[in-house]
file protein.txt (compact mmCIF, C-alpha atoms and all ligand atoms)
# COMPACT_ATOMS: atom_id res chain seq x y z
CA MET E 10 -94.74 -25.87 -6.25
CA LEU E 11 -95.73 -24.43 -9.64
CA LYS E 12 -98.92 -25.83 -11.15
CA ASN E 13 -97.54 -25.14 -14.64
CA ASP E 14 -93.76 -25.02 -15.04
CA THR E 15 -93.72 -25.74 -18.81
CA PHE E 16 -92.21 -22.31 -19.55
CA LEU E 17 -89.29 -22.80 -17.13
CA ARG E 18 -88.70 -26.35 -18.36
CA ALA E 19 -88.58 -25.21 -21.99
CA LEU E 20 -86.08 -22.46 -21.10
CA LEU E 21 -83.85 -25.08 -19.49
CA ARG E 22 -84.40 -27.43 -22.46
CA GLN E 23 -86.02 -30.07 -20.26
CA PRO E 24 -88.81 -32.32 -21.65
CA VAL E 25 -92.24 -30.67 -22.03
CA ASP E 26 -95.68 -31.89 -23.24
CA TYR E 27 -96.28 -28.87 -25.49
CA THR E 28 -94.64 -25.58 -26.48
CA PRO E 29 -95.29 -22.90 -23.83
CA VAL E 30 -96.36 -19.45 -24.94
CA TRP E 31 -96.38 -15.89 -23.59
CA LEU E 32 -96.42 -12.61 -25.48
CA MET E 33 -94.26 -9.54 -25.13
CA ARG E 34 -96.52 -6.69 -23.91
CA GLN E 35 -99.27 -9.20 -23.20
CA ALA E 36 -100.75 -6.72 -20.73
CA GLY E 37 -101.55 -3.59 -22.69
CA ARG E 38 -103.84 -1.38 -24.68
CA TYR E 39 -105.21 -4.10 -27.02
CA LEU E 40 -107.19 -5.32 -23.97
CA PRO E 41 -110.23 -3.16 -23.09
CA GLU E 42 -109.91 -4.20 -19.44
CA TYR E 43 -106.34 -2.78 -19.43
CA CYS E 44 -107.59 0.52 -20.81
CA ALA E 45 -110.24 0.63 -18.07
CA THR E 46 -107.71 0.04 -15.28
CA ARG E 47 -105.29 2.55 -16.78
CA LYS E 48 -108.05 5.15 -16.83
CA GLN E 49 -108.75 4.41 -13.19
CA ALA E 50 -105.04 4.83 -12.35
CA GLY E 51 -104.91 8.20 -14.14
CA SER E 52 -101.67 7.51 -16.06
CA PHE E 53 -99.38 4.71 -17.14
CA LEU E 54 -96.78 5.64 -14.51
CA GLN E 55 -99.34 5.66 -11.71
CA LEU E 56 -100.43 2.23 -12.92
CA CYS E 57 -96.82 1.01 -12.56
CA LYS E 58 -96.53 2.61 -9.12
CA SER E 59 -99.65 1.01 -7.62
CA LYS E 60 -98.95 -2.59 -6.63
CA GLU E 61 -102.67 -3.39 -6.57
CA LEU E 62 -103.30 -2.06 -10.08
CA ALA E 63 -100.01 -3.43 -11.49
CA THR E 64 -101.04 -6.83 -10.14
CA GLU E 65 -104.50 -6.50 -11.66
CA VAL E 66 -103.21 -5.73 -15.17
CA THR E 67 -100.48 -8.39 -14.99
CA LEU E 68 -103.17 -11.02 -14.46
CA GLN E 69 -105.65 -9.69 -17.05
CA PRO E 70 -104.18 -11.52 -20.08
CA LEU E 71 -104.00 -14.75 -18.03
CA GLU E 72 -107.72 -14.55 -17.30
CA ARG E 73 -108.44 -14.41 -21.03
CA PHE E 74 -105.85 -16.79 -22.49
CA PRO E 75 -104.15 -19.93 -21.09
CA LEU E 76 -100.68 -18.31 -21.22
CA ASP E 77 -97.76 -20.19 -19.68
CA ALA E 78 -96.07 -17.22 -17.98
CA ALA E 79 -96.91 -13.85 -16.47
CA ILE E 80 -94.64 -10.81 -16.92
CA LEU E 81 -94.27 -8.11 -14.32
CA PHE E 82 -96.22 -5.03 -15.33
CA SER E 83 -93.75 -2.16 -15.30
CA ASP E 84 -91.42 -0.44 -17.76
CA ILE E 85 -87.72 -0.51 -18.57
CA LEU E 86 -87.53 3.26 -18.02
CA THR E 87 -88.24 3.06 -14.29
CA VAL E 88 -84.47 2.59 -13.92
CA PRO E 89 -83.28 5.91 -15.41
CA ASP E 90 -86.20 7.54 -13.58
CA ALA E 91 -84.75 6.21 -10.30
CA MET E 92 -81.40 7.70 -11.39
CA GLY E 93 -83.06 11.11 -11.30
CA LEU E 94 -83.71 11.74 -15.02
CA GLY E 95 -87.42 12.49 -14.54
CA LEU E 96 -89.49 10.10 -16.70
CA TYR E 97 -92.78 11.34 -18.13
CA PHE E 98 -95.11 10.29 -20.90
CA ALA E 99 -96.30 13.05 -23.23
CA GLU E 100 -99.70 12.07 -24.63
CA GLY E 101 -99.24 10.30 -27.96
CA GLU E 102 -95.47 10.87 -27.97
CA GLY E 103 -94.07 8.01 -25.94
CA PRO E 104 -91.60 8.24 -23.06
CA LYS E 105 -89.48 11.33 -22.39
CA PHE E 106 -86.96 12.51 -19.79
CA GLU E 107 -86.92 15.93 -18.17
CA ARG E 108 -83.18 15.74 -17.53
CA PRO E 109 -81.46 13.70 -20.27
CA LEU E 110 -77.69 13.15 -20.14
CA ARG E 111 -76.54 16.04 -22.32
CA ASP E 112 -73.16 17.04 -20.93
CA GLU E 113 -70.07 15.54 -19.36
CA ALA E 114 -70.92 16.87 -15.89
CA ALA E 115 -74.31 15.14 -15.88
CA ILE E 116 -72.72 11.90 -17.10
CA LYS E 117 -69.96 12.00 -14.47
CA ALA E 118 -72.58 12.65 -11.77
CA LEU E 119 -74.56 9.51 -12.70
CA VAL E 120 -74.55 6.86 -9.96
CA VAL E 121 -76.18 3.49 -9.23
CA PRO E 122 -79.44 4.52 -7.55
CA ASP E 123 -80.54 3.35 -4.13
CA MET E 124 -82.78 0.33 -4.83
CA ARG E 125 -85.30 1.84 -2.40
CA GLU E 126 -86.19 4.23 -5.26
CA LEU E 127 -87.51 1.17 -7.10
CA ARG E 128 -89.29 -0.30 -4.14
CA TYR E 129 -92.67 -0.02 -5.92
CA VAL E 130 -91.42 -2.45 -8.59
CA PHE E 131 -90.29 -5.01 -6.00
CA ASP E 132 -93.58 -4.61 -4.11
CA ALA E 133 -95.43 -5.31 -7.37
CA VAL E 134 -93.33 -8.48 -7.90
CA SER E 135 -94.23 -9.79 -4.42
CA SER E 136 -97.88 -8.85 -4.83
CA ILE E 137 -98.12 -10.52 -8.28
CA ARG E 138 -96.50 -13.72 -6.97
CA THR E 139 -99.12 -13.89 -4.21
CA ALA E 140 -101.97 -13.28 -6.66
CA LEU E 141 -100.63 -15.85 -9.14
CA ASP E 142 -100.73 -18.51 -6.43
CA ASN E 143 -98.21 -20.59 -8.45
CA ARG E 144 -100.45 -20.86 -11.52
CA VAL E 145 -97.58 -20.01 -13.87
CA PRO E 146 -94.08 -18.53 -13.38
CA LEU E 147 -93.51 -14.76 -13.14
CA ILE E 148 -90.96 -13.11 -15.45
CA GLY E 149 -88.99 -10.12 -14.19
CA PHE E 150 -87.25 -7.81 -16.66
CA SER E 151 -85.00 -4.88 -17.34
CA GLY E 152 -83.75 -2.91 -20.34
CA SER E 153 -80.20 -3.60 -21.53
CA PRO E 154 -77.58 -1.02 -20.52
CA PHE E 155 -77.33 0.17 -24.13
CA THR E 156 -81.09 0.43 -24.71
CA LEU E 157 -81.48 2.38 -21.46
CA ALA E 158 -78.58 4.64 -22.48
CA CYS E 159 -80.35 5.40 -25.79
CA TYR E 160 -83.33 6.87 -23.93
CA MET E 161 -81.14 8.54 -21.29
CA ILE E 162 -79.01 10.34 -23.89
CA GLU E 163 -81.64 11.06 -26.56
CA GLY E 164 -84.18 12.07 -23.89
CA GLY E 165 -86.86 9.93 -25.54
CA GLY E 166 -87.38 7.75 -28.59
CA SER E 167 -85.24 8.36 -31.67
CA ASP E 168 -85.18 7.39 -35.36
CA ASP E 169 -81.46 7.81 -35.90
CA PHE E 170 -79.84 7.77 -32.40
CA ARG E 171 -77.94 10.87 -33.43
CA ARG E 172 -76.79 11.89 -29.95
CA VAL E 173 -75.90 8.35 -28.82
CA LYS E 174 -73.92 7.58 -31.95
CA THR E 175 -72.12 10.91 -31.89
CA MET E 176 -71.02 10.14 -28.33
CA MET E 177 -70.09 6.56 -29.23
CA TYR E 178 -67.69 7.64 -31.97
CA ASP E 179 -66.41 10.94 -30.45
CA ARG E 180 -66.33 10.15 -26.74
CA PRO E 181 -66.57 6.36 -26.27
CA ASP E 182 -65.22 6.85 -22.72
CA LEU E 183 -68.37 8.76 -21.74
CA LEU E 184 -70.70 6.14 -23.21
CA HIS E 185 -68.72 3.37 -21.51
CA HIS E 186 -69.09 5.22 -18.21
CA ILE E 187 -72.89 5.34 -18.58
CA LEU E 188 -73.03 1.68 -19.63
CA GLU E 189 -70.92 0.62 -16.66
CA ILE E 190 -73.28 2.37 -14.24
CA ASN E 191 -76.30 0.95 -16.08
CA ALA E 192 -74.92 -2.60 -15.98
CA ARG E 193 -74.28 -2.42 -12.23
CA THR E 194 -77.74 -0.95 -11.68
CA VAL E 195 -79.50 -3.57 -13.81
CA THR E 196 -77.65 -6.39 -12.04
CA GLU E 197 -78.81 -5.13 -8.65
CA TYR E 198 -82.30 -4.41 -9.98
CA LEU E 199 -82.78 -7.90 -11.45
CA ASN E 200 -81.25 -9.63 -8.43
CA THR E 201 -83.72 -7.81 -6.18
CA GLN E 202 -86.62 -8.82 -8.48
CA ILE E 203 -85.39 -12.43 -8.17
CA GLU E 204 -85.23 -12.16 -4.37
CA CYS E 205 -88.81 -10.82 -4.37
CA GLY E 206 -90.10 -13.70 -6.50
CA ALA E 207 -89.27 -13.31 -10.22
CA GLN E 208 -88.77 -16.88 -11.51
CA ALA E 209 -87.07 -15.97 -14.81
CA VAL E 210 -85.67 -12.69 -16.10
CA GLN E 211 -85.49 -11.10 -19.55
CA ILE E 212 -83.21 -8.31 -20.69
CA PHE E 213 -84.79 -6.20 -23.46
CA ASP E 214 -82.13 -4.91 -25.84
CA THR E 215 -84.54 -3.16 -28.15
CA TRP E 216 -81.93 -0.94 -29.83
CA GLY E 217 -78.76 -3.09 -29.89
CA GLY E 218 -79.67 -4.03 -33.47
CA ALA E 219 -79.06 -0.41 -34.53
CA LEU E 220 -75.32 -0.80 -33.88
CA ALA E 221 -72.55 -1.59 -36.38
CA TYR E 222 -70.71 -4.89 -36.24
CA GLY E 223 -68.06 -4.60 -33.54
CA LYS E 224 -69.87 -1.71 -31.86
CA TYR E 225 -72.69 -4.08 -30.88
CA GLN E 226 -70.21 -6.41 -29.21
CA GLU E 227 -68.42 -3.53 -27.45
CA PHE E 228 -71.33 -1.33 -26.40
CA SER E 229 -74.25 -3.68 -25.92
CA LEU E 230 -73.31 -7.36 -25.74
CA ALA E 231 -70.34 -6.92 -23.36
CA TYR E 232 -72.54 -5.19 -20.77
CA MET E 233 -75.31 -7.80 -21.02
CA ALA E 234 -72.64 -10.50 -20.54
CA LYS E 235 -71.48 -8.66 -17.42
CA ILE E 236 -75.02 -8.67 -16.06
CA VAL E 237 -75.50 -12.38 -16.82
CA ALA E 238 -72.29 -13.10 -14.88
CA GLY E 239 -73.55 -11.10 -11.89
CA LEU E 240 -77.08 -12.51 -11.62
CA LYS E 241 -78.33 -14.87 -8.94
CA ARG E 242 -79.01 -17.98 -11.00
CA GLU E 243 -80.68 -19.88 -8.20
CA HIS E 244 -83.32 -18.87 -5.68
CA ASP E 245 -85.21 -21.06 -3.21
CA GLY E 246 -83.54 -24.10 -4.77
CA GLN E 247 -84.86 -23.19 -8.26
CA ARG E 248 -82.75 -22.28 -11.27
CA ILE E 249 -83.57 -18.77 -12.54
CA PRO E 250 -83.31 -18.74 -16.35
CA VAL E 251 -82.04 -15.60 -18.09
CA ILE E 252 -83.35 -14.58 -21.53
CA LEU E 253 -81.49 -12.06 -23.73
CA PHE E 254 -83.44 -10.35 -26.50
CA THR E 255 -81.63 -8.10 -28.97
CA LYS E 256 -84.16 -6.93 -31.52
CA GLY E 257 -82.45 -7.00 -34.90
CA GLY E 258 -79.67 -9.14 -33.42
CA GLY E 259 -80.19 -12.25 -35.56
CA GLN E 260 -76.69 -12.01 -37.03
CA TRP E 261 -75.12 -12.21 -33.56
CA LEU E 262 -76.81 -15.31 -32.11
CA GLU E 263 -73.53 -17.17 -31.57
CA ASP E 264 -72.15 -14.18 -29.61
CA LEU E 265 -75.34 -13.93 -27.54
CA ALA E 266 -75.36 -17.67 -26.80
CA ALA E 267 -71.76 -17.42 -25.54
CA THR E 268 -72.71 -14.99 -22.73
CA GLY E 269 -73.88 -17.82 -20.48
CA CYS E 270 -77.58 -16.92 -20.69
CA ASP E 271 -80.21 -19.67 -20.88
CA ALA E 272 -82.30 -18.47 -23.80
CA LEU E 273 -82.35 -16.01 -26.69
CA GLY E 274 -85.35 -13.98 -27.78
CA LEU E 275 -85.62 -13.74 -31.57
CA ASP E 276 -87.41 -11.26 -33.79
CA TRP E 277 -89.33 -12.41 -36.88
CA THR E 278 -86.49 -11.87 -39.36
CA VAL E 279 -84.78 -15.07 -38.19
CA ASN E 280 -85.54 -18.63 -39.34
CA LEU E 281 -86.02 -20.83 -36.26
CA ALA E 282 -84.48 -23.98 -37.79
CA ASP E 283 -81.41 -22.03 -38.83
CA ALA E 284 -81.16 -20.31 -35.43
CA ARG E 285 -81.42 -23.67 -33.69
CA ARG E 286 -78.60 -25.10 -35.81
CA ARG E 287 -76.43 -22.08 -35.05
CA VAL E 288 -76.79 -22.10 -31.25
CA GLY E 289 -76.83 -25.90 -30.90
CA ASP E 290 -77.56 -27.06 -27.37
CA LYS E 291 -76.18 -23.90 -25.74
CA VAL E 292 -79.48 -22.06 -25.26
CA ALA E 293 -83.23 -22.29 -25.71
CA LEU E 294 -84.98 -20.05 -28.26
CA GLN E 295 -87.94 -17.75 -27.69
CA GLY E 296 -90.01 -16.27 -30.48
CA ASN E 297 -90.57 -15.30 -33.18
CA PHE E 298 -94.04 -14.69 -34.61
CA ASP E 299 -94.43 -11.39 -36.49
CA PRO E 300 -96.71 -9.37 -34.17
CA ASN E 301 -98.33 -7.74 -37.21
CA ALA E 302 -99.43 -11.17 -38.49
CA LEU E 303 -101.97 -10.98 -35.64
CA PHE E 304 -103.87 -8.43 -37.76
CA ALA E 305 -104.77 -11.26 -40.17
CA GLN E 306 -107.73 -13.61 -39.73
CA PRO E 307 -107.39 -16.63 -37.40
CA ALA E 308 -106.99 -19.06 -40.34
CA ALA E 309 -103.89 -17.18 -41.56
CA ILE E 310 -102.56 -16.93 -38.00
CA GLU E 311 -102.91 -20.70 -37.55
CA LEU E 312 -100.98 -21.32 -40.76
CA GLU E 313 -98.10 -19.11 -39.57
CA VAL E 314 -98.04 -20.69 -36.11
CA LYS E 315 -97.80 -24.15 -37.66
CA ARG E 316 -94.98 -23.01 -39.92
CA LEU E 317 -92.98 -21.71 -36.93
CA LEU E 318 -93.55 -24.88 -34.91
CA ALA E 319 -92.40 -26.96 -37.89
CA ASP E 320 -89.34 -24.75 -38.32
CA TYR E 321 -88.28 -25.39 -34.71
CA GLY E 322 -89.04 -29.10 -35.07
CA ASN E 323 -88.98 -31.84 -32.47
CA GLY E 324 -88.02 -31.61 -28.83
CA SER E 325 -87.94 -29.01 -26.07
CA GLY E 326 -86.10 -25.68 -25.94
CA HIS E 327 -88.67 -23.49 -27.68
CA VAL E 328 -90.83 -20.87 -25.99
CA PHE E 329 -93.40 -19.46 -28.40
CA ASN E 330 -93.59 -15.66 -28.39
CA LEU E 331 -93.86 -12.68 -30.70
CA GLY E 332 -90.79 -11.15 -32.30
CA HIS E 333 -91.59 -7.86 -30.54
CA GLY E 334 -94.41 -6.36 -28.47
CA ILE E 335 -98.05 -6.84 -29.41
CA SER E 336 -99.70 -3.90 -31.18
CA GLN E 337 -102.47 -1.96 -29.47
CA PHE E 338 -104.58 -2.55 -32.59
CA THR E 339 -104.64 -6.33 -32.14
CA ASN E 340 -107.97 -8.13 -31.85
CA PRO E 341 -107.91 -10.19 -28.61
CA GLU E 342 -109.80 -12.99 -30.39
CA HIS E 343 -106.85 -13.39 -32.73
CA VAL E 344 -104.56 -13.78 -29.72
CA ALA E 345 -106.86 -16.52 -28.42
CA ALA E 346 -106.52 -18.34 -31.77
CA LEU E 347 -102.73 -18.04 -31.62
CA VAL E 348 -102.42 -19.44 -28.10
CA GLN E 349 -104.87 -22.26 -28.82
CA THR E 350 -103.02 -23.31 -31.99
CA VAL E 351 -99.60 -23.25 -30.27
CA HIS E 352 -100.85 -25.49 -27.48
CA ALA E 353 -102.80 -27.94 -29.64
CA HIS E 354 -100.43 -28.24 -32.57
CA SER E 355 -97.11 -28.38 -30.66
CA LYS E 356 -97.94 -31.65 -28.89
CA THR E 357 -97.05 -33.60 -32.06
CA TYR E 358 -93.47 -32.34 -31.78
CA LYS E 359 -92.89 -33.45 -28.18
O1 LIG V 1 -94.84 -7.16 -21.57
C1 LIG V 1 -95.60 -6.74 -20.66
O2 LIG V 1 -96.83 -6.94 -20.67
C2 LIG V 1 -94.96 -6.08 -19.46
C3 LIG V 1 -94.88 -4.66 -19.43
C4 LIG V 1 -93.88 -3.89 -20.29
C5 LIG V 1 -94.17 -2.56 -20.70
N1 LIG V 1 -93.05 -2.04 -21.29
C6 LIG V 1 -95.44 -1.87 -20.47
C7 LIG V 1 -95.75 -0.68 -21.26
C8 LIG V 1 -92.58 -4.19 -20.72
C9 LIG V 1 -91.80 -5.48 -20.61
C10 LIG V 1 -92.06 -3.00 -21.34
C11 LIG V 1 -90.69 -2.89 -21.88
C12 LIG V 1 -90.31 -1.70 -22.64
N2 LIG V 1 -90.65 -0.40 -22.41
C13 LIG V 1 -89.37 -1.70 -23.69
C14 LIG V 1 -88.64 -2.90 -24.21
C15 LIG V 1 -89.49 -3.75 -25.08
C16 LIG V 1 -89.87 -3.12 -26.38
O3 LIG V 1 -91.09 -2.87 -26.56
O4 LIG V 1 -89.00 -2.86 -27.19
C17 LIG V 1 -89.23 -0.38 -24.14
C18 LIG V 1 -88.35 0.10 -25.28
C19 LIG V 1 -90.03 0.44 -23.31
C20 LIG V 1 -90.17 1.92 -23.35
C21 LIG V 1 -91.56 2.33 -23.61
N3 LIG V 1 -92.58 2.25 -22.70
C22 LIG V 1 -92.08 2.87 -24.81
C23 LIG V 1 -91.28 3.12 -26.07
C24 LIG V 1 -93.44 3.11 -24.59
C25 LIG V 1 -94.40 3.78 -25.50
C26 LIG V 1 -94.85 2.85 -26.58
C27 LIG V 1 -96.31 2.59 -26.48
O5 LIG V 1 -96.72 1.45 -26.77
O6 LIG V 1 -97.04 3.52 -26.13
C28 LIG V 1 -93.76 2.67 -23.27
C29 LIG V 1 -95.07 2.68 -22.64
C30 LIG V 1 -95.62 1.35 -22.22
N4 LIG V 1 -94.93 0.39 -21.54
C31 LIG V 1 -96.97 0.91 -22.37
C32 LIG V 1 -97.05 -0.35 -21.77
C33 LIG V 1 -98.28 -1.22 -21.61
C34 LIG V 1 -98.09 1.71 -23.01
C35 LIG V 1 -98.50 2.69 -21.97
C36 LIG V 1 -99.92 3.10 -22.06
O7 LIG V 1 -100.75 2.46 -21.42
O8 LIG V 1 -100.16 4.11 -22.74

call {"tool": "encode", "arguments": {"input": "protein.txt", "output": "structure tokens", "more": "lines below"}}
Ligand code: CP3
result
Amino acid sequence: MLKNDTFLRALLRQPVDYTPVWLMRQAGRYLPEYCATRKQAGSFLQLCKSKELATEVTLQPLERFPLDAAILFSDILTVPDAMGLGLYFAEGEGPKFERPLRDEAAIKALVVPDMRELRYVFDAVSSIRTALDNRVPLIGFSGSPFTLACYMIEGGGSDDFRRVKTMMYDRPDLLHHILEINARTVTEYLNTQIECGAQAVQIFDTWGGALAYGKYQEFSLAYMAKIVAGLKREHDGQRIPVILFTKGGGQWLEDLAATGCDALGLDWTVNLADARRRVGDKVALQGNFDPNALFAQPAAIELEVKRLLADYGNGSGHVFNLGHGISQFTNPEHVAALVQTVHAHSKTYK
């Protein structure tokens, strides 16, 4: 039995005493203890591959702040790495692939990897569940098929998605082939995380918002909907909520809500009251504090938190979060002020 199931209850729009909160990238470089463990591991990837160290850093933010959920410490790019693309992190440059998908032969050779290649992720999930001892639920995650494809085709981050978009308009069949493989892989990957103990799952569609109207529905949303339809929604007698987060996807909330997911992650460009009106009682909402507002002093942070809570209004169905990952330049004391204000101030709305 979970000691604190407020997060799961809010995702399922069941009554809660306060608004639960967790933060995207809550384990990361803004915490000095994370930097120390990462140094000990040698590299970010080695940190992901050690279940002991991945467990340690997953729990670090929970030791500091009374967060209502833990998120598996890993990365979305472990999946293309398991497909043989060769993930590496060049210092100061972000993620890169040694063998990006650059020609038709490579694309046609792509297959759903053996889940044993991702065994270290599932081992971390089991290990984190044991260490959490039911304090709060554990969130599992994956990238969306489209967001993964962006990295797989570009070979790293990109400002303009030149290669992906060229393929999308010239050879949509090739992009669809990649997305189909990615969707099947992600479904298996998330279902295995659920079997190993993930109590909710989130799909990060970081780049879906870069697509044109119509292309988003065809190349990103459709594949997330396919995954939602293929996920185990119950494990050990517990409902497993699914959260979809398309950054920059505020204009497509009705489409996202129609996929059958339980909750939508929102970035900070969306008004919560308006979003709530648009999705009705179909899904819960997660978000959407501007992560850069955490650079301001605690008094300003408190003001913004109160504004968001007022925007959502009365009742359950809101999980407080940032609109994107926390910056490495964030002062941890400001995070403490945010969490404290969410917990204290949200009670008046329940
Ligand atoms: O939220 C958490 O605390 C869980 C861990 C988590 C990480 N990455 C750890 C990480 C999660 C959920 C992710 C998801 C992820 N990874 C996404 C989707 C969410 C988003 O931010 O849009 C994406 C696009 C990636 C790919 C990725 N991984 C990038 C672009 C980078 C470099 C950016 C950076 O901050 O350096 C990473 C590296 C990464 N993933 C770090 C962490 C803590 C920093 C690694 C380090 O210690 O240097």

call {"tool": "residues_near_ligand", "arguments": {"input": "protein.txt", "ligand": "ligand LIG 1 (chain V)", "cutoff": "9 Å", "atoms": "only C-alpha atoms and all ligand atoms", "output": "PyMOL selection string"}}
result
chain E and resi 32-38+43-44+47+52-54+56-57+66-67+70+79-86+98+100-104+149-153+156-157+160+165-166+211-216+256+333-337

call {"tool": "write_last_selection", "arguments": {"input": "protein.txt", "atoms": "C-alpha atoms", "output": "compact mmCIF listing (two decimals), in the coordinates of the input"}}
result
# COMPACT_ATOMS: atom_id res chain seq x y z
CA LEU E 32 -96.42 -12.61 -25.48
CA MET E 33 -94.26 -9.54 -25.13
CA ARG E 34 -96.52 -6.69 -23.91
CA GLN E 35 -99.27 -9.20 -23.20
CA ALA E 36 -100.75 -6.72 -20.73
CA GLY E 37 -101.55 -3.59 -22.69
CA ARG E 38 -103.84 -1.38 -24.68
CA TYR E 43 -106.34 -2.78 -19.43
CA CYS E 44 -107.59 0.52 -20.81
CA ARG E 47 -105.29 2.55 -16.78
CA SER E 52 -101.67 7.51 -16.06
CA PHE E 53 -99.38 4.71 -17.14
CA LEU E 54 -96.78 5.64 -14.51
CA LEU E 56 -100.43 2.23 -12.92
CA CYS E 57 -96.82 1.01 -12.56
CA VAL E 66 -103.21 -5.73 -15.17
CA THR E 67 -100.48 -8.39 -14.99
CA PRO E 70 -104.18 -11.52 -20.08
CA ALA E 79 -96.91 -13.85 -16.47
CA ILE E 80 -94.64 -10.81 -16.92
CA LEU E 81 -94.27 -8.11 -14.32
CA PHE E 82 -96.22 -5.03 -15.33
CA SER E 83 -93.75 -2.16 -15.30
CA ASP E 84 -91.42 -0.44 -17.76
CA ILE E 85 -87.72 -0.51 -18.57
CA LEU E 86 -87.53 3.26 -18.02
CA PHE E 98 -95.11 10.29 -20.90
CA GLU E 100 -99.70 12.07 -24.63
CA GLY E 101 -99.24 10.30 -27.96
CA GLU E 102 -95.47 10.87 -27.97
CA GLY E 103 -94.07 8.01 -25.94
CA PRO E 104 -91.60 8.24 -23.06
CA GLY E 149 -88.99 -10.12 -14.19
CA PHE E 150 -87.25 -7.81 -16.66
CA SER E 151 -85.00 -4.88 -17.34
CA GLY E 152 -83.75 -2.91 -20.34
CA SER E 153 -80.20 -3.60 -21.53
CA THR E 156 -81.09 0.43 -24.71
CA LEU E 157 -81.48 2.38 -21.46
CA TYR E 160 -83.33 6.87 -23.93
CA GLY E 165 -86.86 9.93 -25.54
CA GLY E 166 -87.38 7.75 -28.59
CA GLN E 211 -85.49 -11.10 -19.55
CA ILE E 212 -83.21 -8.31 -20.69
CA PHE E 213 -84.79 -6.20 -23.46
CA ASP E 214 -82.13 -4.91 -25.84
CA THR E 215 -84.54 -3.16 -28.15
CA TRP E 216 -81.93 -0.94 -29.83
CA LYS E 256 -84.16 -6.93 -31.52
CA HIS E 333 -91.59 -7.86 -30.54
CA GLY E 334 -94.41 -6.36 -28.47
CA ILE E 335 -98.05 -6.84 -29.41
CA SER E 336 -99.70 -3.90 -31.18
CA GLN E 337 -102.47 -1.96 -29.47

call {"tool": "atom_distance", "arguments": {"input": "protein.txt", "atom1": "atom CA of Ile116 of chain E", "atom2": "atom CA of Glu163 of chain E"}}
result
13.0 Å

call {"tool": "closest_residue", "arguments": {"input": "protein.txt", "among": "E:Leu331, E:Gly274, E:Ala319, E:Arg286", "to": "Asn301 of chain E", "atoms": "all atoms listed in the file"}}
result
E:Leu331

call {"tool": "residues_around", "arguments": {"input": "protein.txt", "residues": "segment 218-229 of chain E", "least_positions_apart": "5", "cutoff": "12 Å", "atoms": "only C-alpha atoms", "output": "VMD selection string"}}
result
chain E and resid 152 to 159 167 to 171 173 to 174 176 to 178 181 to 189 191 to 192 212 to 213 234 to 236 253 to 265 267 to 268 275 to 276 278

call {"tool": "residues_near_point", "arguments": {"input": "protein.txt", "point": "(-109.8, -8.3, -15.5)", "cutoff": "10 Å", "atoms": "only C-alpha atoms", "output": "list in words"}}
result
Leu40, Pro41, Glu42, Tyr43, Ala45, Thr46, Glu65, Val66, Thr67, Leu68, Gln69, Pro70, Leu71, Glu72 and Arg73 of chain E

call {"tool": "closest_residue", "arguments": {"input": "protein.txt", "among": "E:Gly217, E:Gly332, E:Pro29, E:Gly95", "to": "Pro146 of chain E", "atoms": "only C-alpha atoms"}}
result
E:Pro29

call {"tool": "closest_residue", "arguments": {"input": "protein.txt", "among": "E:Lys60, E:Arg287, E:Arg248, E:Lys359", "to": "Ala140 of chain E", "atoms": "all atoms listed in the file"}}
result
E:Lys60
